[in-house]
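File shown: run_7.txt (compact mmCIF, C-alpha atoms).
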# COMPACT_ATOMS: atom_id res chain seq x y z
CA MET A 28 -2.03 -3.46 -9.47
CA ASN A 29 -4.69 -1.44 -7.65
CA ALA A 30 -7.58 0.01 -9.61
CA SER A 31 -7.06 3.69 -10.32
CA PRO A 32 -9.38 6.15 -8.56
CA GLN A 33 -10.03 7.60 -12.04
CA THR A 34 -11.32 4.29 -13.46
CA PRO A 35 -15.01 4.64 -14.49
CA VAL A 36 -17.26 2.32 -12.54
CA ALA A 37 -20.71 1.17 -13.68
CA GLY A 38 -21.28 4.15 -15.93
CA VAL A 39 -20.41 6.74 -13.27
CA PRO A 40 -18.48 9.69 -14.80
CA THR A 41 -14.74 9.65 -14.15
CA PRO A 42 -14.65 12.99 -12.20
CA ALA A 43 -17.01 11.50 -9.58
CA TRP A 44 -14.09 9.88 -7.76
CA PRO A 45 -11.46 12.65 -7.34
CA ALA A 46 -7.90 11.56 -6.70
CA VAL A 47 -7.84 13.85 -3.68
CA PHE A 48 -9.68 11.09 -1.75
CA ASP A 49 -6.47 9.04 -1.98
CA LEU A 50 -4.58 11.80 -0.17
CA LEU A 51 -6.81 11.62 2.89
CA ALA A 52 -5.66 9.92 6.09
CA THR A 53 -9.23 8.80 6.78
CA MET A 54 -10.97 5.96 4.94
CA VAL A 55 -13.53 6.91 2.28
CA ALA A 56 -15.92 4.69 0.33
CA VAL A 57 -18.82 5.25 -2.07
CA VAL A 58 -21.50 2.65 -1.39
CA GLU A 59 -24.85 1.55 -2.74
CA PRO A 60 -27.52 0.73 -0.10
CA GLY A 61 -27.48 -2.89 -1.25
CA GLY A 62 -23.82 -3.22 -0.25
CA ARG A 63 -22.03 -2.78 -3.57
CA CYS A 64 -18.92 -0.65 -3.11
CA VAL A 65 -18.08 1.38 -6.22
CA PHE A 66 -15.04 3.22 -4.80
CA ALA A 67 -12.64 2.88 -1.85
CA ASN A 68 -9.62 5.11 -1.28
CA THR A 69 -6.06 4.02 -0.50
CA ALA A 70 -6.47 4.58 3.26
CA PHE A 71 -9.26 1.95 3.25
CA GLU A 72 -7.01 -0.43 1.28
CA SER A 73 -4.21 0.09 3.78
CA VAL A 74 -6.32 -0.63 6.85
CA VAL A 75 -7.97 -3.79 5.50
CA GLY A 76 -4.68 -4.91 3.90
CA LEU A 77 -6.15 -5.71 0.47
CA SER A 78 -6.13 -3.98 -2.91
CA ARG A 79 -9.02 -1.83 -4.08
CA ARG A 80 -9.90 -4.50 -6.64
CA HIS A 81 -10.49 -7.04 -3.85
CA VAL A 82 -12.45 -4.50 -1.79
CA LEU A 83 -14.83 -3.79 -4.68
CA ARG A 84 -15.56 -7.49 -5.25
CA ARG A 85 -17.41 -8.15 -2.01
CA ASP A 86 -20.41 -6.80 -0.13
CA TRP A 87 -19.06 -3.69 1.60
CA PHE A 88 -21.05 -4.32 4.75
CA ASP A 89 -19.29 -7.67 5.19
CA TRP A 90 -16.25 -5.68 6.35
CA PHE A 91 -18.06 -4.79 9.57
CA VAL A 92 -19.00 -6.62 12.75
CA GLU A 93 -22.81 -6.52 13.26
CA ALA A 94 -23.38 -4.24 10.27
CA ASP A 95 -27.22 -4.06 10.40
CA LEU A 96 -27.30 -0.56 11.89
CA LEU A 97 -24.74 0.69 9.39
CA ARG A 98 -26.66 -0.87 6.49
CA ASP A 99 -29.91 0.78 7.66
CA THR A 100 -28.16 4.14 8.08
CA VAL A 101 -26.67 4.08 4.55
CA ALA A 102 -30.09 3.16 3.13
CA ALA A 103 -31.80 5.97 5.07
CA VAL A 104 -29.28 8.59 3.89
CA ALA A 105 -29.57 7.37 0.28
CA ARG A 106 -33.39 7.70 0.58
CA ASN A 107 -32.91 11.30 1.70
CA GLU A 108 -34.31 10.66 5.18
CA PHE A 109 -31.16 12.31 6.57
CA ALA A 110 -28.59 14.56 4.92
CA THR A 111 -25.88 13.00 7.09
CA SER A 112 -25.63 10.53 9.95
CA ARG A 113 -22.94 9.37 12.37
CA LEU A 114 -22.37 6.13 14.28
CA ASP A 115 -19.59 3.93 15.63
CA ALA A 116 -18.69 0.52 14.16
CA LEU A 117 -16.09 -2.23 14.16
CA LEU A 118 -14.14 -2.77 10.92
CA LYS A 119 -12.81 -6.30 10.39
CA ARG A 120 -9.22 -7.11 9.43
CA PRO A 121 -8.92 -9.97 6.93
CA PRO A 122 -6.26 -12.73 6.84
CA PRO A 123 -3.29 -13.16 6.89
CA SER A 124 -3.16 -10.94 9.98
CA PRO A 125 -6.72 -10.40 11.18
CA GLY A 126 -5.99 -9.19 14.71
CA GLU A 127 -8.65 -7.21 16.57
CA PRO A 128 -11.35 -5.28 14.63
CA VAL A 129 -10.66 -1.57 14.20
CA GLN A 130 -12.97 0.80 16.10
CA VAL A 131 -14.13 3.49 13.68
CA HIS A 132 -16.41 6.51 13.76
CA VAL A 133 -18.60 6.43 10.63
CA ILE A 134 -19.95 9.53 8.86
CA VAL A 135 -22.53 8.83 6.13
CA ASN A 136 -23.29 11.65 3.67
CA GLN A 137 -25.65 12.12 0.74
CA MET A 138 -24.41 12.31 -2.84
CA GLU A 139 -25.97 13.81 -5.97
CA ARG A 140 -26.99 10.35 -7.10
CA SER A 141 -29.74 9.12 -4.80
CA ASP A 142 -28.61 5.50 -5.04
CA LEU A 143 -25.17 6.23 -3.53
CA ALA A 144 -23.81 7.33 -0.16
CA LEU A 145 -20.38 8.75 0.69
CA VAL A 146 -19.03 7.05 3.82
CA GLU A 147 -16.03 8.31 5.81
CA LEU A 148 -14.41 6.12 8.47
CA ILE A 149 -12.18 7.63 11.16
CA GLU A 150 -10.12 5.32 13.36
CA ILE A 151 -11.00 6.09 16.96
CA GLY A 152 -7.55 4.96 18.09
CA GLN A 153 -5.66 7.07 15.52
CA GLN A 154 -4.80 9.91 17.89
CA ALA A 155 -3.90 7.45 20.65
CA ARG A 156 -1.56 5.68 18.23
CA GLN A 157 0.14 8.95 17.28
CA ASP A 158 0.59 9.81 20.95
CA ARG A 159 2.04 6.35 21.54
CA GLU A 160 4.48 6.77 18.64
CA ALA A 161 5.58 10.13 20.06
CA HIS A 162 6.16 8.47 23.43
CA VAL A 163 8.19 5.71 21.74
CA ARG A 164 10.35 8.26 19.93
CA ASP A 165 11.05 10.03 23.22
CA GLN A 166 11.81 6.66 24.80
CA VAL A 167 14.26 5.75 22.01
CA GLN A 168 16.11 9.04 22.46
CA ALA A 169 16.18 8.64 26.24
CA ASN A 170 17.45 5.06 25.88
CA LYS A 171 20.23 6.20 23.55
CA GLU A 172 21.39 8.87 25.98
CA LEU A 173 21.12 6.53 28.98
CA ILE A 174 23.06 3.75 27.23
CA ARG A 175 25.75 6.06 25.94
CA ASN A 176 26.30 7.78 29.28
CA LEU A 177 26.15 4.56 31.29
CA ALA A 178 28.54 2.78 28.93
CA HIS A 179 31.11 5.56 29.17
CA GLU A 180 30.82 5.67 32.96
CA ILE A 181 31.47 1.91 33.12
CA LYS A 182 34.19 1.85 30.48
CA ASN A 183 36.69 4.16 32.22
CA PRO A 184 36.98 2.41 35.63
CA LEU A 185 36.70 -0.99 33.93
CA GLY A 186 40.04 -0.51 32.19
CA GLY A 187 41.63 0.37 35.51
CA ILE A 188 40.20 -2.69 37.22
CA ARG A 189 41.48 -5.01 34.49
CA GLY A 190 44.93 -3.40 34.45
CA ALA A 191 45.24 -3.62 38.22
CA ALA A 192 44.21 -7.29 38.15
CA GLN A 193 46.88 -8.05 35.53
CA LEU A 194 49.57 -6.33 37.62
CA LEU A 195 48.40 -8.19 40.72
CA GLN A 196 48.53 -11.49 38.85
CA MET A 197 52.21 -10.93 38.03
CA GLU A 198 52.98 -10.27 41.71
CA VAL A 199 51.14 -13.11 43.45
CA GLU A 200 52.80 -16.50 43.77
CA SER A 201 49.85 -18.45 45.16
CA LYS A 202 47.98 -20.46 42.54
CA GLY A 203 44.69 -19.88 44.39
CA LEU A 204 45.14 -16.12 44.39
CA GLY A 205 46.11 -16.28 40.73
CA GLU A 206 42.75 -17.90 39.98
CA TYR A 207 40.99 -15.00 41.71
CA THR A 208 42.78 -12.48 39.53
CA GLN A 209 41.78 -14.52 36.46
CA VAL A 210 38.15 -14.27 37.56
CA ILE A 211 38.50 -10.48 37.84
CA ILE A 212 40.09 -10.23 34.37
CA HIS A 213 37.49 -12.56 32.83
CA GLU A 214 34.55 -10.62 34.29
CA ALA A 215 36.12 -7.30 33.28
CA ASP A 216 36.40 -8.60 29.71
CA ARG A 217 32.77 -9.74 29.77
CA LEU A 218 31.65 -6.30 30.93
CA GLN A 219 33.84 -4.69 28.27
CA ALA A 220 32.13 -6.78 25.58
CA LEU A 221 28.72 -5.69 26.92
CA VAL A 222 29.79 -2.02 26.87
CA ASP A 223 31.04 -2.41 23.29
CA ARG A 224 27.66 -3.84 22.27
CA LEU A 225 25.90 -0.90 23.93
CA LEU A 226 28.07 1.64 22.14
CA ALA A 227 28.24 -0.12 18.75
CA PRO A 228 25.15 1.51 17.14
CA HIS A 229 26.36 4.99 18.17
CA ARG A 230 29.92 4.50 16.90
CA ARG A 231 29.13 3.09 13.46
CA PRO A 232 28.18 5.63 10.75
CA HIS A 233 24.76 5.37 9.12
CA LEU A 234 25.59 4.11 5.59
CA VAL A 235 22.67 4.94 3.32
CA GLY A 236 22.04 3.25 -0.02
CA ASP A 237 19.32 1.45 -1.98
CA VAL A 238 18.14 -1.60 -0.04
CA ASN A 239 15.94 -4.44 -1.25
CA ILE A 240 13.99 -5.54 1.82
CA HIS A 241 13.60 -9.07 0.45
CA GLU A 242 17.38 -9.47 0.25
CA VAL A 243 17.45 -8.43 3.93
CA CYS A 244 14.76 -11.01 4.76
CA GLU A 245 16.53 -13.76 2.83
CA ARG A 246 19.81 -13.07 4.66
CA VAL A 247 18.03 -13.27 8.01
CA ARG A 248 16.16 -16.41 6.95
CA ALA A 249 19.41 -18.13 5.95
CA LEU A 250 21.01 -17.31 9.30
CA ILE A 251 18.01 -18.55 11.32
CA VAL A 252 17.68 -21.78 9.29
CA ALA A 253 21.41 -22.46 9.68
CA GLU A 254 21.18 -22.12 13.46
CA PHE A 255 17.87 -23.99 13.82
CA PRO A 256 17.90 -26.56 10.98
CA ARG A 257 15.23 -28.88 12.41
CA GLY A 258 11.76 -28.31 13.83
CA LEU A 259 11.46 -24.70 12.63
CA ARG A 260 9.93 -23.45 9.37
CA VAL A 261 10.76 -19.90 8.28
CA GLU A 262 8.01 -19.01 5.80
CA ARG A 263 8.05 -16.22 3.21
CA ASP A 264 5.07 -14.07 2.24
CA TYR A 265 6.54 -11.29 0.09
CA ASP A 266 4.97 -8.53 -1.97
CA ALA A 267 7.21 -8.57 -5.04
CA SER A 268 6.01 -5.10 -6.12
CA LEU A 269 7.78 -3.37 -3.23
CA PRO A 270 10.37 -0.83 -4.40
CA ASP A 271 13.81 -0.47 -2.83
CA LEU A 272 14.09 1.77 0.20
CA ARG A 273 16.86 4.14 1.20
CA GLY A 274 18.66 2.85 4.25
CA ASP A 275 21.57 1.08 5.91
CA ARG A 276 21.46 -2.55 4.78
CA GLU A 277 23.56 -3.93 7.65
CA GLN A 278 21.52 -2.10 10.28
CA LEU A 279 18.27 -3.42 8.82
CA ILE A 280 19.65 -6.96 8.70
CA GLN A 281 20.67 -6.67 12.35
CA ALA A 282 17.27 -5.25 13.39
CA VAL A 283 15.29 -8.02 11.64
CA LEU A 284 17.74 -10.70 12.81
CA ASN A 285 17.44 -9.58 16.45
CA ILE A 286 13.65 -9.94 16.33
CA ALA A 287 13.68 -13.23 14.41
CA HIS A 288 16.38 -14.70 16.64
CA ASN A 289 14.39 -13.78 19.76
CA ALA A 290 11.38 -15.50 18.20
CA ALA A 291 13.37 -18.64 17.42
CA GLN A 292 14.67 -18.84 20.98
CA ALA A 293 11.16 -18.38 22.36
CA LEU A 294 10.00 -21.28 20.16
CA ALA A 295 12.24 -23.84 21.90
CA HIS A 296 9.36 -26.10 22.96
CA ARG A 297 7.67 -25.97 19.55
CA ILE A 298 11.00 -26.64 17.82
CA ALA A 299 11.34 -29.77 19.96
CA ALA A 300 7.80 -30.75 18.90
CA GLY A 301 8.62 -30.00 15.26
CA ASP A 302 5.86 -27.43 14.59
CA ALA A 303 7.62 -24.10 15.18
CA ARG A 304 6.96 -21.39 12.59
CA ILE A 305 8.27 -17.90 11.85
CA THR A 306 6.73 -15.91 8.99
CA LEU A 307 8.44 -13.00 7.22
CA ARG A 308 5.75 -10.94 5.46
CA THR A 309 6.14 -7.73 3.43
CA ARG A 310 3.40 -5.34 2.37
CA VAL A 311 2.96 -1.81 1.02
CA ALA A 312 1.15 0.64 3.29
CA ARG A 313 -0.32 3.86 1.89
CA GLN A 314 -0.85 7.27 3.47
CA VAL A 315 1.02 6.37 6.65
CA THR A 316 1.78 8.79 9.47
CA LEU A 317 5.16 8.25 11.17
CA GLY A 318 6.61 10.76 13.59
CA ARG A 319 3.73 13.12 12.76
CA GLN A 320 4.87 13.13 9.13
CA ARG A 321 2.60 11.86 6.37
CA HIS A 322 4.16 9.42 3.89
CA ARG A 323 2.49 8.39 0.64
CA LEU A 324 4.06 4.92 0.74
CA ALA A 325 5.67 2.84 3.45
CA LEU A 326 7.06 -0.65 3.85
CA GLU A 327 5.44 -2.95 6.38
CA LEU A 328 7.54 -5.93 7.45
CA HIS A 329 5.80 -8.46 9.70
CA ILE A 330 7.81 -10.97 11.73
CA GLU A 331 5.29 -13.41 13.18
CA ASP A 332 5.77 -16.58 15.23
CA ASN A 333 3.54 -19.19 16.85
CA GLY A 334 5.37 -19.18 20.17
CA PRO A 335 4.13 -18.66 23.73
CA GLY A 336 3.95 -14.88 23.44
CA VAL A 337 5.72 -12.10 25.30
CA PRO A 338 5.23 -12.40 29.09
CA GLU A 339 2.51 -9.98 30.14
CA SER A 340 4.69 -8.63 32.95
CA ILE A 341 7.17 -7.10 30.45
CA ARG A 342 4.93 -6.57 27.42
CA ASP A 343 4.97 -2.79 27.86
CA ARG A 344 8.74 -2.69 28.45
CA ILE A 345 10.20 -5.07 25.88
CA PHE A 346 12.04 -2.29 24.03
CA TYR A 347 13.67 -0.97 27.22
CA PRO A 348 17.39 -1.76 27.54
CA LEU A 349 18.34 -4.78 29.68
CA VAL A 350 14.72 -6.06 29.84
CA SER A 351 14.47 -9.70 28.75
CA GLY A 352 11.79 -12.35 28.98
CA ARG A 353 14.34 -15.16 28.61
CA GLU A 354 16.71 -16.44 31.25
CA GLY A 355 20.23 -15.50 30.26
CA GLY A 356 19.08 -12.91 27.70
CA SER A 357 20.98 -9.61 27.52
CA GLY A 358 17.87 -7.49 26.93
CA LEU A 359 19.63 -5.55 24.16
CA GLY A 360 18.33 -7.17 20.96
CA LEU A 361 14.99 -5.36 20.74
CA THR A 362 16.47 -2.10 22.02
CA LEU A 363 19.04 -2.13 19.21
CA ALA A 364 16.38 -3.14 16.67
CA GLN A 365 14.24 -0.18 17.73
CA THR A 366 17.25 2.16 17.53
CA PHE A 367 18.14 1.00 14.00
CA VAL A 368 14.54 1.28 12.76
CA ALA A 369 14.19 4.75 14.33
CA GLN A 370 17.31 5.83 12.40
CA HIS A 371 15.30 5.02 9.25
CA GLN A 372 12.41 7.28 10.46
CA GLY A 373 10.44 4.10 11.07
CA ALA A 374 8.61 2.45 13.95
CA ILE A 375 8.23 -1.00 15.52
CA GLU A 376 5.02 -2.30 17.08
CA CYS A 377 4.42 -5.56 18.91
CA ASP A 378 1.14 -7.45 19.25
CA SER A 379 1.46 -10.60 21.34
CA GLU A 380 -0.74 -13.29 22.81
CA PRO A 381 -0.18 -16.98 23.56
CA GLY A 382 0.29 -18.78 20.24
CA ARG A 383 0.97 -15.65 18.19
CA THR A 384 3.47 -12.80 18.42
CA LEU A 385 3.68 -10.20 15.65
CA PHE A 386 6.36 -7.54 15.32
CA LYS A 387 5.54 -4.95 12.65
CA ILE A 388 8.30 -2.72 11.27
CA THR A 389 7.09 0.29 9.28
CA ILE A 390 9.60 2.35 7.25
CA PRO A 391 8.77 5.12 4.76
CA LEU A 392 9.50 4.45 1.09
CA PRO A 393 10.86 7.08 -1.31
What would you get if you wrote out this structure as structure tokens?
Amino acid sequence: MNASPQTPVAGVPTPAWPAVFDLLATMVAVVEPGGRCVFANTAFESVVGLSRRHVLRRDWFDWFVEADLLRDTVAAVARNEFATSRLDALLKRPPPSPGEPVQVHVIVNQMERSDLALVELIEIGQQARQDREAHVRDQVQANKELIRNLAHEIKNPLGGIRGAAQLLQMEVESKGLGEYTQVIIHEADRLQALVDRLLAPHRRPHLVGDVNIHEVCERVRALIVAEFPRGLRVERDYDASLPDLRGDREQLIQAVLNIAHNAAQALAHRIAAGDARITLRTRVARQVTLGRQRHRLALELHIEDNGPGVPESIRDRIFYPLVSGREGGSGLGLTLAQTFVAQHQGAIECDSEPGRTLFKITIPLP
């Protein structure tokens, strides 16, 4: 469990760390010039991916790349050389998913106690991320309308083509011509199956109930292991404290399965070598903004693989319908996954490079 913001620290009175800090979207810490952190709010926990207890155990300046300037600034403010000071810094992300450091704008302020400084960290990319999420939401809606309209436009003449081919097959006597009509019927059926897949998420009602995300992950894991029994390890890294979420269990299974199955197919060479790996990781995120709405708690589900990465040429378009980086792929798996997650007021992000691809699903918790 995380340390409470009301827990007294080193003799400091309880009211010194108001719970309102945990409601802020920005990261807040109370720091001694020597590097001891006596308080960090939930936004700081969420960004570094560790509990407050772990944050308080280490030198606070170790969280930053080239922290000398920041250390000097905190010391100067604590000595009353400045009432406040601002600078930019890079905040590290710890394992298991370090990724790139987070660019932050740092505001250092004085406190009543001269041996402490109040530090606020604002992600420089926060607004850009919100704009990107808004663009993704618009894209999901546009994709849904495009798919639905296109599928209906194809579906109507397709039935006529198939019916005409069947009638023609009954009339022709030549075996060769009969084979041609079979080709027409077969291809019409294939297109019909594709249309049905496009329309499936819009036809099926959204069945909401309590969902345990780890049951979803275990179902997906069992399916992947059954299809790829050798050369592929599907690892678990679960946070057992996660509460159930409200959602459609089958839709969530399909969304996670689509991503994991794509990963397994991309790992073909590593499976042959026997060192392919997919990791299913769950975490709690706090004070998360999704769709310009603030949520106190959210689920983060990471689906990570050690494959070749998403081709750079399609990296910005992987959620578009009919875009696939694999020969013979339909290009629908990630589109449907995004649609299902969006129906849960959530979001999907992808971070990919050779040797590591990470899909992160974020869904608000009740």
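Closest approach to Gln372 (chain A) among A:Asn239, A:Ser73, A:Thr384, A:Thr316: A:Thr316, based on only C-alpha atoms.
Minimum atom-to-atom distance to Leu272 (chain A), evaluated using only C-alpha atoms, belongs to A:Ile390 out of A:Ile390, A:Leu185, A:Leu385, A:Ala369.
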(message) Report as number ranges by chain all protein, DNA and RNA residues lying within 9 Å of region 124-140 of chain A, evaluated on only C-alpha atoms, omitting residues in the same chain fewer than 5 positions from it.
(response) A: 74-76, 91-92, 97, 100-101, 104-107, 109-119, 145-152, 378, 385
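Here CA of Arg344 (chain A) is placed at a distance of 12.3 Å from CA of Gln365 (chain A).
For the set A:Ile388, A:Ile188, A:Val238, A:Ile211, the residue with the smallest atom-to-atom gap to Val368 (chain A) is A:Ile388, counting all atoms listed in the file.
Nearest to Ala102 (chain A) of all the residues A:Leu51, A:Asp89, A:Gly62, A:Thr69 is A:Gly62, counting only C-alpha atoms.
Residues surrounding Arg263 (chain A) within 8 Å are Thr306, Leu307 and Arg308 of chain A [all atoms listed in the file; sequence separation below 3 positions excluded].
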